[in-house]
file protein31.txt (compact mmCIF, C-alpha atoms)
# COMPACT_ATOMS: atom_id res chain seq x y z
CA MET A 1 4.09 51.29 -29.98
CA ARG A 2 2.59 53.07 -26.96
CA THR A 3 -0.46 50.79 -26.92
CA PRO A 4 -0.68 47.20 -28.16
CA HIS A 5 -1.26 46.85 -31.87
CA ARG A 6 -4.60 45.05 -32.29
CA ILE A 7 -4.41 42.10 -34.68
CA CYS A 8 -7.46 40.07 -35.66
CA LEU A 9 -6.98 36.75 -37.42
CA LEU A 10 -10.05 35.84 -39.45
CA ILE A 11 -10.78 32.13 -39.82
CA TYR A 12 -13.73 30.21 -41.31
CA PRO A 13 -14.76 26.55 -41.63
CA GLY A 14 -12.06 24.80 -43.63
CA PHE A 15 -9.21 27.22 -42.80
CA GLN A 16 -5.66 25.88 -43.01
CA LEU A 17 -4.08 25.39 -39.61
CA LEU A 18 -0.52 26.41 -40.48
CA ASP A 19 -1.71 29.44 -42.45
CA ALA A 20 -3.20 30.64 -39.18
CA ALA A 21 -0.82 29.28 -36.56
CA GLY A 22 2.45 30.32 -38.24
CA PRO A 23 1.81 34.09 -38.44
CA LEU A 24 0.00 34.10 -35.10
CA SER A 25 3.03 32.50 -33.42
CA ALA A 26 5.33 35.09 -34.95
CA PHE A 27 3.31 37.93 -33.46
CA GLU A 28 3.14 36.06 -30.15
CA TYR A 29 6.94 35.93 -29.98
CA ALA A 30 7.08 39.68 -30.60
CA GLY A 31 5.75 40.06 -27.06
CA GLN A 32 3.15 42.32 -25.52
CA ARG A 33 3.36 44.84 -28.33
CA TYR A 34 0.54 42.96 -30.05
CA ALA A 35 -2.96 42.11 -28.83
CA LEU A 36 -4.12 39.00 -30.69
CA ARG A 37 -7.66 37.84 -31.37
CA VAL A 38 -9.04 35.01 -33.49
CA VAL A 39 -12.40 35.93 -35.01
CA ALA A 40 -14.99 34.34 -37.28
CA ARG A 41 -18.33 35.11 -38.85
CA GLN A 42 -19.90 32.50 -36.58
CA PRO A 43 -18.20 32.58 -33.14
CA GLY A 44 -17.38 29.39 -31.32
CA LEU A 45 -15.45 26.34 -32.46
CA VAL A 46 -14.43 26.67 -36.11
CA PRO A 47 -13.24 23.45 -37.79
CA SER A 48 -10.02 23.55 -39.79
CA SER A 49 -9.45 21.67 -43.04
CA ALA A 50 -7.47 19.09 -41.01
CA GLY A 51 -10.33 18.55 -38.56
CA PRO A 52 -9.26 20.17 -35.25
CA ALA A 53 -11.29 23.26 -34.40
CA TRP A 54 -10.22 26.64 -33.06
CA GLN A 55 -12.20 28.83 -30.69
CA ALA A 56 -13.08 32.15 -32.32
CA GLU A 57 -14.77 35.35 -31.16
CA ALA A 58 -17.46 37.22 -33.04
CA LEU A 59 -16.40 39.79 -35.63
CA PRO A 60 -15.44 42.99 -33.77
CA ARG A 61 -16.27 46.51 -34.84
CA PRO A 62 -13.95 47.54 -37.70
CA SER A 63 -12.64 50.47 -35.66
CA GLN A 64 -11.24 48.02 -33.11
CA ILE A 65 -8.75 46.50 -35.56
CA ASP A 66 -5.28 47.76 -36.47
CA THR A 67 -4.32 44.77 -38.66
CA LEU A 68 -6.65 42.19 -40.16
CA LEU A 69 -5.13 38.85 -41.15
CA VAL A 70 -7.17 36.51 -43.34
CA ALA A 71 -6.14 32.86 -43.19
CA GLY A 72 -6.16 30.63 -46.25
CA GLY A 73 -7.62 27.19 -46.75
CA ASN A 74 -10.00 25.24 -48.94
CA GLY A 75 -12.93 26.74 -47.08
CA VAL A 76 -12.24 30.15 -48.57
CA ASP A 77 -14.38 29.41 -51.63
CA ALA A 78 -17.46 29.21 -49.42
CA ALA A 79 -16.36 32.12 -47.20
CA LEU A 80 -15.97 34.56 -50.08
CA THR A 81 -19.62 34.07 -51.08
CA ASP A 82 -20.71 35.57 -47.75
CA ALA A 83 -21.80 39.12 -48.62
CA GLY A 84 -21.80 40.15 -44.96
CA LEU A 85 -18.23 38.98 -44.46
CA ARG A 86 -17.09 40.82 -47.59
CA ALA A 87 -18.79 44.02 -46.43
CA TRP A 88 -17.17 43.72 -43.00
CA ALA A 89 -13.70 43.35 -44.57
CA ARG A 90 -14.31 46.46 -46.67
CA ARG A 91 -15.33 48.42 -43.57
CA VAL A 92 -12.20 47.27 -41.74
CA ALA A 93 -10.05 48.59 -44.60
CA ALA A 94 -12.07 51.81 -44.80
CA CYS A 95 -11.36 52.45 -41.12
CA GLY A 96 -7.65 52.55 -41.93
CA ALA A 97 -6.59 49.10 -40.80
CA ARG A 98 -3.76 47.25 -42.47
CA VAL A 99 -5.16 44.18 -44.23
CA ALA A 100 -3.16 41.05 -45.01
CA SER A 101 -3.91 37.57 -46.32
CA ILE A 102 -2.13 34.26 -46.16
CA CYS A 103 -2.35 31.78 -49.02
CA SER A 104 -5.82 31.60 -50.61
CA GLY A 105 -7.12 34.19 -48.15
CA SER A 106 -6.30 36.61 -50.97
CA LEU A 107 -9.41 35.38 -52.78
CA LEU A 108 -11.59 36.75 -50.00
CA LEU A 109 -9.81 40.10 -50.20
CA ALA A 110 -10.32 40.12 -53.96
CA ALA A 111 -14.01 39.25 -53.58
CA ALA A 112 -14.34 42.19 -51.16
CA GLY A 113 -12.83 44.49 -53.80
CA LEU A 114 -9.72 45.24 -51.76
CA LEU A 115 -7.27 44.02 -54.40
CA GLU A 116 -8.73 45.86 -57.38
CA GLY A 117 -5.89 47.39 -59.37
CA ARG A 118 -3.35 46.24 -56.79
CA ARG A 119 -0.37 43.90 -56.93
CA ALA A 120 -0.97 40.68 -55.02
CA THR A 121 0.12 37.08 -54.65
CA THR A 122 -1.35 33.84 -53.37
CA HIS A 123 -0.46 30.16 -53.23
CA TRP A 124 0.77 29.19 -56.69
CA LEU A 125 -2.00 26.59 -57.00
CA ARG A 126 -4.55 29.40 -56.66
CA ALA A 127 -2.80 32.05 -58.77
CA GLU A 128 -4.58 31.16 -62.00
CA GLN A 129 -7.96 31.23 -60.24
CA LEU A 130 -7.21 34.62 -58.68
CA GLN A 131 -6.25 36.10 -62.05
CA ARG A 132 -9.16 34.51 -63.92
CA GLU A 133 -11.90 35.46 -61.46
CA TYR A 134 -10.50 38.91 -60.60
CA PRO A 135 -8.80 40.21 -63.77
CA THR A 136 -8.14 43.68 -62.34
CA VAL A 137 -5.76 42.19 -59.76
CA ARG A 138 -2.09 42.33 -60.82
CA VAL A 139 -1.16 38.83 -59.74
CA GLU A 140 2.50 38.05 -59.02
CA PRO A 141 2.30 34.23 -58.81
CA ASP A 142 5.94 33.57 -57.89
CA SER A 143 6.33 36.04 -55.01
CA LEU A 144 6.43 34.95 -51.38
CA TYR A 145 4.62 38.09 -50.29
CA VAL A 146 3.63 41.42 -51.81
CA GLN A 147 2.87 44.79 -50.26
CA ASP A 148 0.75 47.30 -52.17
CA GLY A 149 -0.02 50.21 -49.89
CA PRO A 150 -1.90 49.01 -46.79
CA ILE A 151 -2.70 45.64 -48.38
CA TRP A 152 -0.31 42.71 -47.93
CA THR A 153 -0.72 39.26 -49.47
CA SER A 154 1.41 36.15 -49.19
CA ALA A 155 1.84 32.70 -50.64
CA GLY A 156 0.87 29.62 -48.66
CA ILE A 157 1.94 27.90 -45.46
CA SER A 158 5.49 28.97 -44.48
CA ALA A 159 5.27 32.18 -46.54
CA GLY A 160 2.77 33.40 -43.97
CA ILE A 161 5.62 33.49 -41.46
CA ASP A 162 7.73 35.50 -43.91
CA LEU A 163 4.82 37.92 -44.21
CA ALA A 164 4.46 38.18 -40.43
CA LEU A 165 8.19 38.89 -40.02
CA ALA A 166 7.95 41.63 -42.64
CA LEU A 167 4.99 43.17 -40.80
CA ILE A 168 6.87 42.99 -37.49
CA ALA A 169 9.89 44.65 -39.10
CA ALA A 170 7.63 47.42 -40.41
CA ASP A 171 6.10 47.94 -36.95
CA LEU A 172 9.00 47.37 -34.57
CA GLY A 173 12.16 47.42 -36.68
CA GLU A 174 14.47 44.84 -38.18
CA GLU A 175 16.08 43.84 -34.90
CA ALA A 176 12.73 42.90 -33.36
CA ALA A 177 11.86 40.80 -36.40
CA ARG A 178 15.30 39.20 -36.21
CA ARG A 179 14.69 38.17 -32.60
CA VAL A 180 11.35 36.61 -33.55
CA ALA A 181 12.99 34.68 -36.39
CA ARG A 182 15.59 33.38 -33.95
CA ALA A 183 12.86 32.25 -31.55
CA LEU A 184 10.97 30.49 -34.35
CA VAL A 185 14.20 28.97 -35.75
CA VAL A 186 13.42 30.15 -39.27
CA TYR A 187 15.31 32.01 -41.99
CA TYR A 188 15.58 35.73 -41.45
CA ARG A 189 14.05 36.85 -43.77
CA ARG A 190 13.33 35.44 -47.20
CA PRO A 191 12.78 38.41 -49.55
CA GLY A 192 9.21 38.89 -50.69
CA GLY A 193 10.24 38.70 -54.34
CA GLN A 194 11.82 35.27 -53.95
CA SER A 195 10.15 32.54 -55.99
CA GLN A 196 7.67 30.67 -53.80
CA PHE A 197 8.06 27.19 -55.25
CA SER A 198 10.53 24.91 -56.94
CA GLU A 199 10.99 25.40 -60.66
CA LEU A 200 11.61 21.67 -61.03
CA GLY A 201 7.89 21.03 -60.79
CA ARG A 202 7.39 22.83 -64.09
CA LEU A 203 9.82 20.55 -65.88
CA GLN A 204 8.30 17.22 -65.02
CA GLY A 205 6.95 15.96 -68.35
CA PRO A 206 6.43 12.24 -68.91
CA ARG A 207 8.06 12.29 -72.33
CA PHE A 208 11.35 13.79 -71.19
CA GLU A 209 11.37 12.81 -67.51
CA GLY A 210 14.25 10.39 -68.01
CA LEU A 211 16.23 12.96 -69.95
CA LEU A 212 15.78 15.57 -67.22
CA ALA A 213 16.92 13.09 -64.58
CA TRP A 214 19.99 12.36 -66.71
CA ALA A 215 20.70 16.08 -67.09
CA ARG A 216 20.42 16.75 -63.34
CA GLU A 217 23.30 14.36 -62.74
CA ARG A 218 25.50 16.20 -65.26
CA LEU A 219 24.83 19.87 -64.62
CA HIS A 220 28.56 20.55 -64.38
CA GLU A 221 29.02 19.33 -67.96
CA PRO A 222 28.10 21.09 -71.23
CA LEU A 223 24.44 20.34 -71.94
CA THR A 224 23.90 21.60 -75.46
CA VAL A 225 20.81 20.98 -77.56
CA GLU A 226 22.85 18.58 -79.66
CA ARG A 227 23.93 16.54 -76.65
CA LEU A 228 20.43 16.45 -75.17
CA ALA A 229 18.98 15.47 -78.54
CA ALA A 230 21.48 12.65 -78.90
CA GLN A 231 20.57 11.35 -75.44
CA ALA A 232 16.89 11.48 -76.46
CA CYS A 233 17.70 9.71 -79.76
CA MET A 234 16.28 12.58 -81.79
CA SER A 235 17.59 15.10 -84.28
CA PRO A 236 18.43 18.48 -82.70
CA ARG A 237 15.69 20.32 -84.63
CA HIS A 238 12.98 17.78 -83.87
CA PHE A 239 14.08 17.53 -80.24
CA ALA A 240 14.05 21.29 -79.69
CA ARG A 241 10.56 21.59 -81.15
CA ALA A 242 9.17 18.59 -79.26
CA PHE A 243 10.74 19.65 -75.97
CA ALA A 244 9.33 23.18 -76.22
CA GLN A 245 5.85 21.79 -76.89
CA GLU A 246 6.08 19.41 -73.93
CA ALA A 247 7.78 21.63 -71.34
CA GLY A 248 6.71 25.08 -72.50
CA LEU A 249 10.27 26.40 -72.73
CA THR A 250 13.43 25.79 -74.71
CA PRO A 251 15.99 23.13 -73.73
CA ALA A 252 18.49 25.86 -72.87
CA LYS A 253 16.03 27.56 -70.51
CA ALA A 254 15.21 24.20 -68.92
CA VAL A 255 18.87 23.50 -68.25
CA GLU A 256 19.26 26.97 -66.74
CA ARG A 257 16.36 26.30 -64.38
CA LEU A 258 17.79 22.95 -63.35
CA ARG A 259 21.11 24.61 -62.56
CA VAL A 260 19.48 27.41 -60.58
CA GLU A 261 17.44 24.90 -58.61
CA ALA A 262 20.50 22.80 -57.80
CA ALA A 263 22.46 25.85 -56.64
CA ARG A 264 19.48 27.14 -54.70
CA ALA A 265 19.06 23.84 -52.85
CA ALA A 266 22.77 23.81 -51.99
CA LEU A 267 22.68 27.35 -50.61
CA GLU A 268 19.54 26.83 -48.56
CA SER A 269 20.91 23.63 -47.06
CA GLY A 270 23.94 25.47 -45.70
CA CYS A 271 26.52 24.79 -48.43
CA ALA A 272 29.80 26.43 -47.37
CA ALA A 273 31.41 26.42 -50.83
CA GLN A 274 32.48 29.69 -52.39
CA LEU A 275 29.97 31.03 -54.89
CA GLN A 276 32.53 30.72 -57.67
CA THR A 277 33.02 27.02 -56.83
CA LEU A 278 29.28 26.40 -56.60
CA ALA A 279 28.73 28.16 -59.92
CA ARG A 280 31.29 25.94 -61.57
CA ASP A 281 29.90 22.77 -60.00
CA CYS A 282 26.39 23.61 -61.20
CA GLY A 283 27.50 24.40 -64.73
CA PHE A 284 27.24 28.20 -64.78
CA GLY A 285 30.93 28.70 -65.43
CA ASP A 286 31.32 31.66 -63.08
CA SER A 287 29.48 33.34 -60.21
CA GLU A 288 28.40 36.35 -62.28
CA ARG A 289 26.47 34.17 -64.70
CA MET A 290 24.91 32.34 -61.78
CA LYS A 291 23.90 35.66 -60.20
CA ARG A 292 22.20 36.81 -63.41
CA SER A 293 20.25 33.55 -63.66
CA PHE A 294 19.17 33.79 -60.01
CA GLN A 295 17.98 37.36 -60.47
CA ARG A 296 16.05 36.44 -63.60
CA LEU A 297 14.37 33.30 -62.25
CA LEU A 298 14.16 33.83 -58.49
CA GLY A 299 14.34 37.58 -58.07
CA VAL A 300 17.21 37.35 -55.56
CA ALA A 301 20.98 37.07 -55.61
CA PRO A 302 22.63 33.75 -54.60
CA ALA A 303 24.18 35.29 -51.50
CA GLN A 304 20.71 36.15 -50.16
CA LEU A 305 19.78 32.46 -50.00
CA ARG A 306 22.54 31.37 -47.68
CA LEU A 307 21.31 30.40 -44.22
CA ARG A 308 21.97 33.57 -42.26
CA PRO A 309 22.07 33.75 -38.47
CA ALA A 310 19.01 35.35 -37.00
call {"tool": "encode", "arguments": {"input": "protein31.txt", "output": "structure tokens"}}
result
Amino acid sequence: MRTPHRICLLIYPGFQLLDAAGPLSAFEYAGQRYALRVVARQPGLVPSSAGPAWQAEALPRPSQIDTLLVAGGNGVDAALTDAGLRAWARRVAACGARVASICSGSLLLAAAGLLEGRRATTHWLRAEQLQREYPTVRVEPDSLYVQDGPIWTSAGISAGIDLALALIAADLGEEAARRVARALVVYYRRPGGQSQFSELGRLQGPRFEGLLAWARERLHEPLTVERLAAQACMSPRHFARAFAQEAGLTPAKAVERLRVEAARAALESGCAAQLQTLARDCGFGDSERMKRSFQRLLGVAPAQLRLRPA
């Protein structure tokens, strides 16, 4: 970059602090290559959802922006009803700026018409709303971040840092992004297609909660439908039908998810075991089967989740 790349972070009453501070800090650590501004529809002190307020400037002319970042937060529902703010965002994009959102900030981009026909993601708690209210958006609810042309969207909180690192890599190269990751003491870099949240949350059903807890302690053992049914004191046929109704997936798929989650947690915590050993301990049998399950459920290979030096 011969001149500083001008980044404007858009906030509004009720923005989420970490959605804003995380990406902003990443660009700060990239050095003087970026000129950073925090802006809002109403300049002055803008209260966050946590209470503390940030000082913001007035909205600049669209031609003065190279990258627009839109923070997420519960206040976005009110912000997206502001016709003037939506029009300003459209003008920013029309001037050729790169536009990115963190967390539920994607809803404002969608309301401005910037996500129409595009792939996008958001915080998983908002994914259903994004798809329901803006059906032309191709929502990818599990992704950490998604790029579709000049529009970038990310999941919530820490995924905003992953998005910022990806933007820095696109601007300044991988080595610059690696240095920023080292300074922030974060992973370098989680792939955008990696699942944004734990699959375990989808398996918490009151009827089979005890059974799932029992299974998690025995992932290295065979966990057939017959064995699970016996533990639940049900016939295999009745158990399989009842479990699918409760959990929304078959017992075999549930066990696969539990095994992937256990292996994922081990890798991300710095487990030094060989992949073949980890696969056996988590019940996959061999590393190739574990790799296929990871690719299917998380969109990444097991080796990509090891803590790598920045």
call {"tool": "atom_distance", "arguments": {"input": "protein31.txt", "atom1": "CA of Gly44 in chain A", "atom2": "CA of Gly14 in chain A"}}
result
14.2 Å
call {"tool": "residues_around", "arguments": {"input": "protein31.txt", "residues": "Ile161 in chain A", "least_positions_apart": "6", "cutoff": "8 Å", "atoms": "all atoms listed in the file", "output": "list of chain:residue names"}}
result
A:Gly22, A:Pro23, A:Ala26
call {"tool": "residues_around", "arguments": {"input": "protein31.txt", "residues": "range 110-122 of chain A", "least_positions_apart": "6", "cutoff": "9 Å", "atoms": "only C-alpha atoms", "output": "number ranges by chain"}}
result
A: 80-81, 83, 85-90, 93, 99, 101-104, 130, 133-149, 151-156
call {"tool": "residues_around", "arguments": {"input": "protein31.txt", "residues": "Arg2 in chain A", "least_positions_apart": "2", "cutoff": "10 Å", "atoms": "only C-alpha atoms", "output": "PyMOL selection string"}}
result
chain A and resi 4-5+33
call {"tool": "atom_distance", "arguments": {"input": "protein31.txt", "atom1": "CA of Ala232 in chain A", "atom2": "CA of Leu219 in chain A"}}
result
16.5 Å
call {"tool": "closest_residue", "arguments": {"input": "protein31.txt", "among": "A:Ala127, A:Ala229, A:Leu24, A:Leu68", "to": "Cys95 in chain A", "atoms": "all atoms listed in the file"}}
result
A:Leu68
call {"tool": "closest_residue", "arguments": {"input": "protein31.txt", "among": "A:Ala213, A:Ala244, A:Met290, A:Leu305", "to": "Gly270 in chain A", "atoms": "all atoms listed in the file"}}
result
A:Leu305
call {"tool": "closest_residue", "arguments": {"input": "protein31.txt", "among": "A:Ala79, A:Ala58, A:Ala164, A:Leu109", "to": "Ala21 in chain A", "atoms": "all atoms listed in the file"}}
result
A:Ala164
call {"tool": "atom_distance", "arguments": {"input": "protein31.txt", "atom1": "CA of Leu211 in chain A", "atom2": "CA of Gly283 in chain A"}}
result
16.9 Å
call {"tool": "residues_around", "arguments": {"input": "protein31.txt", "residues": "Asp281 in chain A", "least_positions_apart": "4", "cutoff": "12 Å", "atoms": "all atoms listed in the file", "output": "list of chain:residue names"}}
result
A:Arg216, A:Glu217, A:Arg218, A:Leu219, A:His220, A:Glu221, A:Pro222, A:Arg259, A:Val260, A:Ala262, A:Ala263, A:Ala266, A:Ala273, A:Gln274, A:Leu275, A:Gln276, A:Thr277, A:Gly285, A:Asp286, A:Ser287, A:Met290
call {"tool": "write_last_selection", "arguments": {"input": "protein31.txt", "atoms": "C-alpha atoms", "output": "PDB file, keeping the file's coordinate frame"}}
result
ATOM      1  CA  ARG A 216      20.420  16.750 -63.340  1.00  0.00           C
ATOM      2  CA  GLU A 217      23.300  14.360 -62.740  1.00  0.00           C
ATOM      3  CA  ARG A 218      25.500  16.200 -65.260  1.00  0.00           C
ATOM      4  CA  LEU A 219      24.830  19.870 -64.620  1.00  0.00           C
ATOM      5  CA  HIS A 220      28.560  20.550 -64.380  1.00  0.00           C
ATOM      6  CA  GLU A 221      29.020  19.330 -67.960  1.00  0.00           C
ATOM      7  CA  PRO A 222      28.100  21.090 -71.230  1.00  0.00           C
ATOM      8  CA  ARG A 259      21.110  24.610 -62.560  1.00  0.00           C
ATOM      9  CA  VAL A 260      19.480  27.410 -60.580  1.00  0.00           C
ATOM     10  CA  ALA A 262      20.500  22.800 -57.800  1.00  0.00           C
ATOM     11  CA  ALA A 263      22.460  25.850 -56.640  1.00  0.00           C
ATOM     12  CA  ALA A 266      22.770  23.810 -51.990  1.00  0.00           C
ATOM     13  CA  ALA A 273      31.410  26.420 -50.830  1.00  0.00           C
ATOM     14  CA  GLN A 274      32.480  29.690 -52.390  1.00  0.00           C
ATOM     15  CA  LEU A 275      29.970  31.030 -54.890  1.00  0.00           C
ATOM     16  CA  GLN A 276      32.530  30.720 -57.670  1.00  0.00           C
ATOM     17  CA  THR A 277      33.020  27.020 -56.830  1.00  0.00           C
ATOM     18  CA  GLY A 285      30.930  28.700 -65.430  1.00  0.00           C
ATOM     19  CA  ASP A 286      31.320  31.660 -63.080  1.00  0.00           C
ATOM     20  CA  SER A 287      29.480  33.340 -60.210  1.00  0.00           C
ATOM     21  CA  MET A 290      24.910  32.340 -61.780  1.00  0.00           C
TER      22      MET A 290
END
call {"tool": "closest_residue", "arguments": {"input": "protein31.txt", "among": "A:Leu69, A:Ala78, A:Ile11, A:Ile168", "to": "Gly31 in chain A", "atoms": "only C-alpha atoms"}}
result
A:Ile168
